[in-house]
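Engineer: Next comes final_11.txt, compact mmCIF, C-alpha atoms and all ligand atoms:
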```txt
# COMPACT_ATOMS: atom_id res chain seq x y z
CA MET D 963 -3.14 72.48 -2.10
CA PRO D 964 -0.14 74.66 -1.31
CA TYR D 965 2.64 72.38 -2.50
CA LYS D 966 3.06 72.00 -6.23
CA LEU D 967 6.08 70.44 -7.81
CA MET D 968 6.25 73.24 -10.34
CA ASP D 969 6.87 75.67 -7.48
CA ILE D 970 10.09 73.99 -6.43
CA SER D 971 12.15 75.91 -8.92
CA PRO D 972 15.44 76.12 -6.90
CA TRP D 973 15.48 72.34 -6.90
CA ARG D 974 15.36 71.95 -10.68
CA GLY D 975 18.46 70.41 -12.18
CA PHE D 976 19.38 68.53 -8.98
CA PRO D 977 21.43 66.52 -8.38
CA ILE D 978 24.29 65.32 -10.58
CA THR D 979 24.82 68.24 -12.92
CA SER D 980 24.80 70.95 -10.28
CA VAL D 981 26.64 69.29 -7.39
CA PHE D 982 30.34 70.03 -7.06
CA GLY D 983 31.98 68.44 -4.07
CA LYS D 984 30.90 67.46 -0.59
CA ALA D 985 30.21 70.93 0.80
CA ALA D 986 27.71 71.63 -1.95
CA LEU D 987 26.09 68.26 -1.38
CA ASN D 988 25.74 68.83 2.39
CA PHE D 989 24.37 72.28 1.70
CA ARG D 990 21.74 70.89 -0.61
CA LEU D 991 20.90 67.96 1.64
CA GLY D 992 20.41 70.36 4.56
CA ARG D 993 17.97 72.35 2.50
CA LEU D 994 16.19 69.23 1.30
CA LEU D 995 15.63 68.10 4.90
CA PHE D 996 14.00 71.40 5.81
CA PHE D 997 11.92 71.21 2.66
CA LEU D 998 10.72 67.70 3.55
CA ARG D 999 10.01 68.78 7.12
CA GLU D 1000 7.90 71.63 5.82
CA TYR D 1001 6.11 69.28 3.46
CA PHE D 1002 5.16 66.69 6.07
CA PHE D 1003 4.90 68.91 9.16
CA PRO D 1004 4.14 72.38 7.82
CA PHE D 1005 5.22 75.20 10.12
CA GLY D 1006 4.27 77.93 7.66
CA CYS D 1007 5.92 81.36 7.62
CA ALA D 1008 7.12 82.32 11.10
CA LEU D 1009 5.64 85.81 10.72
CA CYS D 1010 2.46 85.60 8.64
CA GLY D 1011 1.71 81.86 8.72
CA VAL D 1012 1.22 81.30 4.97
CA PRO D 1013 2.41 77.90 3.68
CA LEU D 1014 6.04 77.97 2.61
CA ILE D 1015 6.64 77.25 -1.04
CA GLY D 1016 9.90 75.85 -2.33
CA ILE D 1017 13.24 75.04 -0.84
CA ASN D 1018 14.49 78.52 0.00
CA GLU D 1019 11.36 79.51 1.91
CA ALA D 1020 11.41 76.24 3.87
CA TRP D 1021 15.12 76.66 4.64
CA TYR D 1022 14.68 80.14 6.15
CA GLY D 1023 11.25 79.49 7.68
CA LEU D 1024 9.93 82.66 6.08
CA CYS D 1025 7.82 83.43 3.01
CA LYS D 1026 9.46 85.57 0.34
CA GLU D 1027 7.50 88.73 1.27
CA CYS D 1028 8.23 88.51 5.01
CA HIS D 1029 11.87 87.65 4.32
CA SER D 1030 12.43 90.72 2.16
CA GLY D 1031 10.33 92.85 4.54
CA LEU D 1032 12.87 92.24 7.32
CA GLU D 1033 15.51 94.39 5.66
CA ILE D 1034 16.14 97.49 7.72
CA GLU D 1035 16.30 100.89 6.06
CA ALA D 1036 19.70 102.49 6.27
CA GLN D 1037 20.04 104.97 9.10
CA GLU D 1038 22.81 106.13 11.40
CA TYR D 1039 23.92 103.60 14.00
CA CYS D 1040 26.20 103.86 17.03
CA GLU D 1041 29.66 102.90 15.81
CA ILE D 1042 30.29 100.95 19.02
CA CYS D 1043 27.07 99.14 19.93
CA SER D 1044 25.12 99.56 16.63
CA LYS D 1045 21.93 100.87 18.24
CA PRO D 1046 20.19 103.42 15.99
CA LEU D 1047 21.09 107.03 16.77
CA ILE D 1048 18.31 109.56 17.12
CA SER D 1049 19.84 112.92 17.97
CA GLU D 1050 23.44 111.80 18.49
CA HIS D 1051 26.27 111.34 16.02
CA GLY D 1052 29.02 108.74 15.97
CA SER D 1053 28.31 106.85 19.19
CA CYS D 1054 25.32 106.74 21.52
CA LEU D 1055 25.23 108.34 24.96
CA ALA D 1056 25.47 105.01 26.80
CA CYS D 1057 28.64 104.05 24.91
CA ARG D 1058 30.21 107.46 25.41
CA ASN D 1059 29.50 107.27 29.15
CA GLY D 1060 30.78 103.72 29.41
CA GLU D 1061 34.10 104.62 27.80
CA GLY D 1062 36.65 101.85 27.57
CA ARG D 1063 34.07 99.06 27.68
CA PRO D 1064 35.71 95.64 27.34
CA CYS D 1065 33.76 94.66 24.22
CA ASP D 1066 35.44 96.61 21.43
CA LYS D 1067 32.55 96.80 19.00
CA ILE D 1068 29.07 95.33 18.84
CA LYS D 1069 26.92 94.72 15.82
CA ALA D 1070 23.23 93.87 16.21
CA PHE D 1071 20.94 93.21 13.29
CA PHE D 1072 17.33 93.89 14.25
CA PRO D 1073 15.39 95.98 16.75
CA TYR D 1074 13.60 93.98 19.41
CA TYR D 1075 9.99 95.00 18.80
CA GLY D 1076 7.04 94.21 16.56
CA LYS D 1077 7.63 91.59 13.90
CA TYR D 1078 11.31 91.30 14.86
CA ARG D 1079 10.37 90.37 18.39
CA ARG D 1080 7.94 87.78 17.07
CA LEU D 1081 10.74 86.38 14.98
CA LEU D 1082 12.90 85.72 18.03
CA ALA D 1083 9.92 84.32 19.96
CA ALA D 1084 9.22 81.83 17.13
CA TYR D 1085 12.86 80.76 17.18
CA LYS D 1086 13.56 80.78 20.90
CA PHE D 1087 10.26 79.59 22.35
CA GLY D 1088 8.60 78.02 19.28
CA LYS D 1089 11.82 76.18 18.43
CA ASN D 1090 11.45 77.04 14.77
CA MET D 1091 14.88 75.74 13.73
CA ALA D 1092 14.56 77.04 10.17
CA LEU D 1093 14.90 80.58 11.56
CA GLY D 1094 18.32 79.51 12.80
CA ASN D 1095 19.31 79.23 9.14
CA PHE D 1096 18.06 82.75 8.56
CA PHE D 1097 20.03 84.17 11.52
CA ALA D 1098 23.15 82.15 10.67
CA GLY D 1099 22.98 83.49 7.11
CA LYS D 1100 23.00 87.08 8.44
CA ILE D 1101 26.02 86.40 10.66
CA LEU D 1102 27.94 84.51 7.97
CA ALA D 1103 27.42 87.34 5.50
CA ILE D 1104 28.82 89.93 7.89
CA ILE D 1105 31.79 87.74 8.83
CA ALA D 1106 32.59 87.12 5.17
CA SER D 1107 32.54 90.88 4.53
CA LEU D 1108 34.87 91.69 7.45
CA ASN D 1109 37.32 88.86 8.08
CA GLN D 1110 39.54 89.44 5.01
CA GLY D 1111 39.95 85.72 4.44
CA GLN D 1112 41.28 85.10 7.98
CA GLU D 1113 39.91 82.34 10.19
CA THR D 1114 37.17 83.66 12.49
CA ILE D 1115 36.96 82.47 16.09
CA ILE D 1116 33.46 82.48 17.55
CA VAL D 1117 32.77 82.31 21.28
CA PRO D 1118 29.11 81.76 22.20
CA VAL D 1119 27.80 83.59 25.26
CA PRO D 1120 27.29 80.64 27.62
CA PRO D 1121 23.73 79.70 28.67
CA ARG D 1122 22.80 79.69 32.35
CA PRO D 1123 23.47 76.31 33.91
CA GLY D 1124 20.73 73.73 33.51
CA LYS D 1125 19.01 75.66 30.71
CA ILE D 1126 19.59 73.01 28.03
CA LYS D 1127 18.37 70.28 30.36
CA GLU D 1128 15.30 72.26 31.31
CA LYS D 1129 14.27 73.65 27.89
CA GLY D 1130 15.74 70.94 25.70
CA TRP D 1131 17.91 73.41 23.82
CA ASP D 1132 19.64 76.75 23.89
CA GLN D 1133 18.97 79.06 20.96
CA VAL D 1134 22.48 80.56 21.01
CA GLU D 1135 24.13 77.14 21.15
CA TYR D 1136 22.07 75.94 18.18
CA LEU D 1137 23.04 79.02 16.20
CA THR D 1138 26.68 78.42 17.13
CA LYS D 1139 26.48 74.85 15.85
CA LEU D 1140 25.03 76.08 12.57
CA LEU D 1141 27.81 78.64 12.22
CA GLY D 1142 30.39 75.94 12.83
CA LYS D 1143 28.79 73.75 10.19
CA GLU D 1144 28.19 76.42 7.58
CA GLY D 1145 31.45 78.21 8.37
CA LYS D 1146 33.24 76.37 5.58
CA SER D 1147 31.39 78.58 3.13
CA VAL D 1148 33.18 81.67 4.53
CA PRO D 1149 36.73 82.41 3.28
CA GLY D 1150 39.17 81.52 6.07
CA GLY D 1151 36.56 79.38 7.82
CA ILE D 1152 35.03 79.60 11.29
CA LYS D 1153 36.22 77.91 14.46
CA ILE D 1154 33.98 77.60 17.51
CA CYS D 1155 35.63 78.09 20.88
CA ARG D 1156 33.38 77.35 23.86
CA CYS D 1157 35.87 78.84 26.29
CA LEU D 1158 33.37 80.48 28.64
CA LYS D 1159 31.14 78.93 31.23
CA ARG D 1160 28.33 80.45 33.26
CA LEU D 1161 27.72 79.68 36.89
CA CYS D 1162 24.40 80.19 38.69
CA SER D 1163 23.46 83.84 39.20
CA GLY D 1164 20.36 85.85 40.12
CA ALA D 1165 17.83 86.88 37.45
CA GLN D 1166 19.06 89.69 35.17
CA LYS D 1167 15.80 91.02 33.80
CA LYS D 1168 14.93 93.78 36.26
CA LEU D 1169 18.47 95.02 36.83
CA ASP D 1170 20.10 98.03 35.20
CA ARG D 1171 23.49 97.85 33.51
CA SER D 1172 25.64 98.20 36.61
CA GLY D 1173 23.36 95.81 38.53
CA ARG D 1174 23.75 93.26 35.75
CA ILE D 1175 27.52 93.60 35.71
CA GLU D 1176 27.59 93.15 39.49
CA ASN D 1177 25.22 90.14 39.23
CA LEU D 1178 27.46 88.44 36.67
CA LYS D 1179 30.71 89.19 38.47
CA ASN D 1180 32.68 85.94 38.79
CA ARG D 1181 29.65 84.13 37.37
CA ILE D 1182 31.07 83.94 33.87
CA VAL D 1183 34.35 82.11 34.04
CA PRO D 1184 36.82 80.47 31.67
CA ASN D 1185 35.87 76.93 30.70
CA ARG D 1186 38.59 74.71 32.14
CA ALA D 1187 38.59 72.39 29.14
CA TYR D 1188 39.97 75.26 27.06
CA LEU D 1189 42.58 76.56 29.46
CA ARG D 1190 45.31 74.25 28.22
CA ASP D 1191 45.40 76.04 24.87
CA ALA D 1192 46.24 79.69 24.50
CA LEU D 1193 43.18 81.69 23.55
CA PRO D 1194 43.17 83.42 20.16
CA LYS D 1195 44.05 87.13 19.85
CA CYS D 1196 40.71 88.14 18.39
CA VAL D 1197 37.27 86.61 18.92
CA ILE D 1198 33.64 87.29 18.13
CA LEU D 1199 31.09 86.81 20.89
CA ILE D 1200 27.67 85.63 19.74
CA ASP D 1201 24.42 86.30 21.61
CA ASP D 1202 20.75 86.67 20.73
CA VAL D 1203 19.68 89.96 22.34
CA ILE D 1204 21.73 92.89 23.57
CA THR D 1205 19.95 95.00 26.19
CA THR D 1206 22.52 96.92 28.23
CA GLY D 1207 25.54 95.09 26.83
CA ALA D 1208 26.47 93.97 30.35
CA THR D 1209 26.67 90.25 29.50
CA LEU D 1210 28.87 90.87 26.47
CA ASP D 1211 31.11 93.19 28.47
CA VAL D 1212 31.52 90.69 31.31
CA CYS D 1213 32.34 87.93 28.80
CA ALA D 1214 34.77 90.26 27.03
CA SER D 1215 36.59 91.21 30.21
CA VAL D 1216 37.03 87.53 31.16
CA LEU D 1217 38.45 86.85 27.68
CA LYS D 1218 40.74 89.86 27.88
CA SER D 1219 42.02 88.84 31.30
CA ARG D 1220 43.08 85.60 29.58
CA GLY D 1221 45.05 87.36 26.88
CA VAL D 1222 42.51 87.97 24.13
CA GLU D 1223 43.24 91.38 22.61
CA LYS D 1224 40.15 92.19 20.57
CA VAL D 1225 36.61 91.11 21.37
CA TYR D 1226 33.72 91.91 19.06
CA GLY D 1227 30.07 91.16 19.73
CA LEU D 1228 27.51 90.01 17.18
CA CYS D 1229 23.90 89.94 18.37
CA LEU D 1230 20.70 89.21 16.52
CA PHE D 1231 18.58 91.90 18.26
CA TYR D 1232 19.09 95.13 20.15
CA ASP D 1233 16.59 96.07 22.84
ZN ZN P 1301 5.26 85.50 5.66
ZN ZN P 1302 26.28 102.67 21.54
```
Would you kindly transcribe this structure into structure tokens?
Ligand SMILES: [Zn+2]
Ligand SMILES: [Zn+2]

Structural biologist:
Amino acid sequence: MPYKLMDISPWRGFPITSVFGKAALNFRLGRLLFFLREYFFPFGCALCGVPLIGINEAWYGLCKECHSGLEIEAQEYCEICSKPLISEHGSCLACRNGEGRPCDKIKAFFPYYGKYRRLLAAYKFGKNMALGNFFAGKILAIIASLNQGQETIIVPVPPRPGKIKEKGWDQVEYLTKLLGKEGKSVPGGIKICRCLKRLCSGAQKKLDRSGRIENLKNRIVPNRAYLRDALPKCVILIDDVITTGATLDVCASVLKSRGVEKVYGLCLFYD
């Protein structure tokens, strides 16, 4: 019997004494819903499958061991695209060769192999929504450490047309929604700006960087609904995986052609 009341320690003391204000209440209710979901329809840990115990594990979709095992050891990363450097210093070869790329800086959290790859598969294809909380937490922490109390504008990389209809959801859009909702917890707050739209284009997978850029040319366009307002001066693009950086760069150049001055990219994985 995996679920014992005595294991629910983060929940002790709820509700009246520890709830201050609406934000705290929503935060706790959100966690409670994931806890109840895990209780009635157990997903288990996304990586090792053990039953999840307690509210925090259910909220992140990961057991405590797997959660802490995802931390990456410090090493030197490219200061532009954040891929790990092996024999280079400062920036990687690809970034040095692609000088003046439209996306000013890119931060990616995890490599795209092994357990990290399984993590994305569980989220993207297994629709394990709890992992969205884990990813959103990573992004919120980095925004809070960098935005100096200013409002942060997030632009999601748009999904290909028809994807949401076909698959029922888009993993980047769901993450964006979470960031919008949880953004109140970050000083300065977060505003979501869906100012980009993607038109139909050929498959990207087998193309190299320049092929991808060519393939996306005029296929990522400003979203008309947003054109009435001036775009902000600085935005953060959000995507799940960065491979060659072509998609982020095409998005960034569209934004810059519309007057945005600084475009940063935040991705969950680098491939
Ligand atoms: Zn686990
Ligand atoms: Zn780089």

Engineer: Show me which residues line ligand ZN 1302 (chain P), defined as having an atom within 12 Å of a ligand atom where all atoms listed in the file count, and present them as a VMD selection string.

Structural biologist: chain D and resid 1038 to 1048 1050 to 1061 1063 1065 to 1070 1204 to 1207 1232 to 1233

Engineer: Could you check the closest approach to ligand ZN 1301 (chain P) for each of D:Ser1163, D:Ser1030, D:Asn1018, D:Ser1172 and tell me which residue wins, using only C-alpha atoms and all ligand atoms?

Structural biologist: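 Ranking D:Ser1163, D:Ser1030, D:Asn1018, D:Ser1172 by distance to ligand ZN 1301 (chain P), first place goes to D:Ser1030.
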
Engineer: How many Å separate atom CA of D:Ile1101 from atom CA of D:Val1203?

Structural biologist: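 Straight-line distance from atom CA of D:Ile1101 to atom CA of D:Val1203 works out to 13.8 Å.
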
Engineer: For atom CA of D:Phe1231 and atom CA of D:Leu1082, determine how far apart the two atoms are, in Å to one decimal place.

Structural biologist: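 Computing it gives 8.4 Å between the two atoms.
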
Engineer: Within 7 Å of ligand ZN 1301 (chain P), which residues show up when you count only C-alpha atoms and all ligand atoms? List them as a list in words, please.

Structural biologist: Cys1007, Ala1008, Leu1009, Cys1010, Gly1011, Val1012, Leu1024, Cys1025, Lys1026, Glu1027 and Cys1028 of chain D

Engineer: Select, from D:Trp1131, D:Tyr1085, D:Phe1002, D:Tyr1074, the residue with the minimum atom-to-atom distance to D:Gly1023, counting all atoms listed in the file.

Structural biologist: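 The closest residue to D:Gly1023 is D:Tyr1085.
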
Engineer: Near D:Asp1191, within 12 Å and counting all atoms listed in the file, which residues show up once chain neighbours fewer than 2 positions away are dropped, as a list in words?

Structural biologist: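 The residues satisfying every condition are Cys1155, Cys1157, Pro1184, Asn1185, Arg1186, Ala1187, Tyr1188, Leu1189, Leu1193, Pro1194, Arg1220 and Gly1221 of chain D.
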
Engineer: Pull the neighbourhood of (37.1, 77.0, 14.2) for me: all residues within 9 Å in file coordinates, counting only C-alpha atoms, as JSON, numbers by chain.

Structural biologist: {"D": [1113, 1114, 1115, 1116, 1142, 1145, 1151, 1152, 1153, 1154, 1155]}

Engineer: From the options D:Pro1064, D:Pro1118, D:Gly1124, D:Pro1013, which residue's atoms come nearest to D:Val1225, counting only C-alpha atoms?

Structural biologist: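 Among the listed residues, the smallest separation from D:Val1225 belongs to D:Pro1064.
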
Engineer: Could you please determine the separation between atom CA of D:Asp1201 and atom CA of D:Phe1005 in Å, to one decimal place?

Structural biologist: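 Atom CA of D:Phe1005 lies 25.0 Å from atom CA of D:Asp1201.
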
Engineer: Identify which of the residues D:Leu1199, D:Ala1098, D:Leu1081, D:Ala1106 lies closest to D:Leu1032, counting all atoms listed in the file when measuring atom-to-atom distances.

Structural biologist: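 Of D:Leu1199, D:Ala1098, D:Leu1081, D:Ala1106, the one nearest D:Leu1032 is D:Leu1081, counting all atoms listed in the file.
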
Engineer: Choose the residue, out of D:Ile1017, D:Val1117, D:Val1222, D:Ala1165, that has the smallest atom-to-atom separation from D:Ile1200; count only C-alpha atoms.

Structural biologist: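 With only C-alpha atoms as the atom set, the closest residue is D:Val1117.
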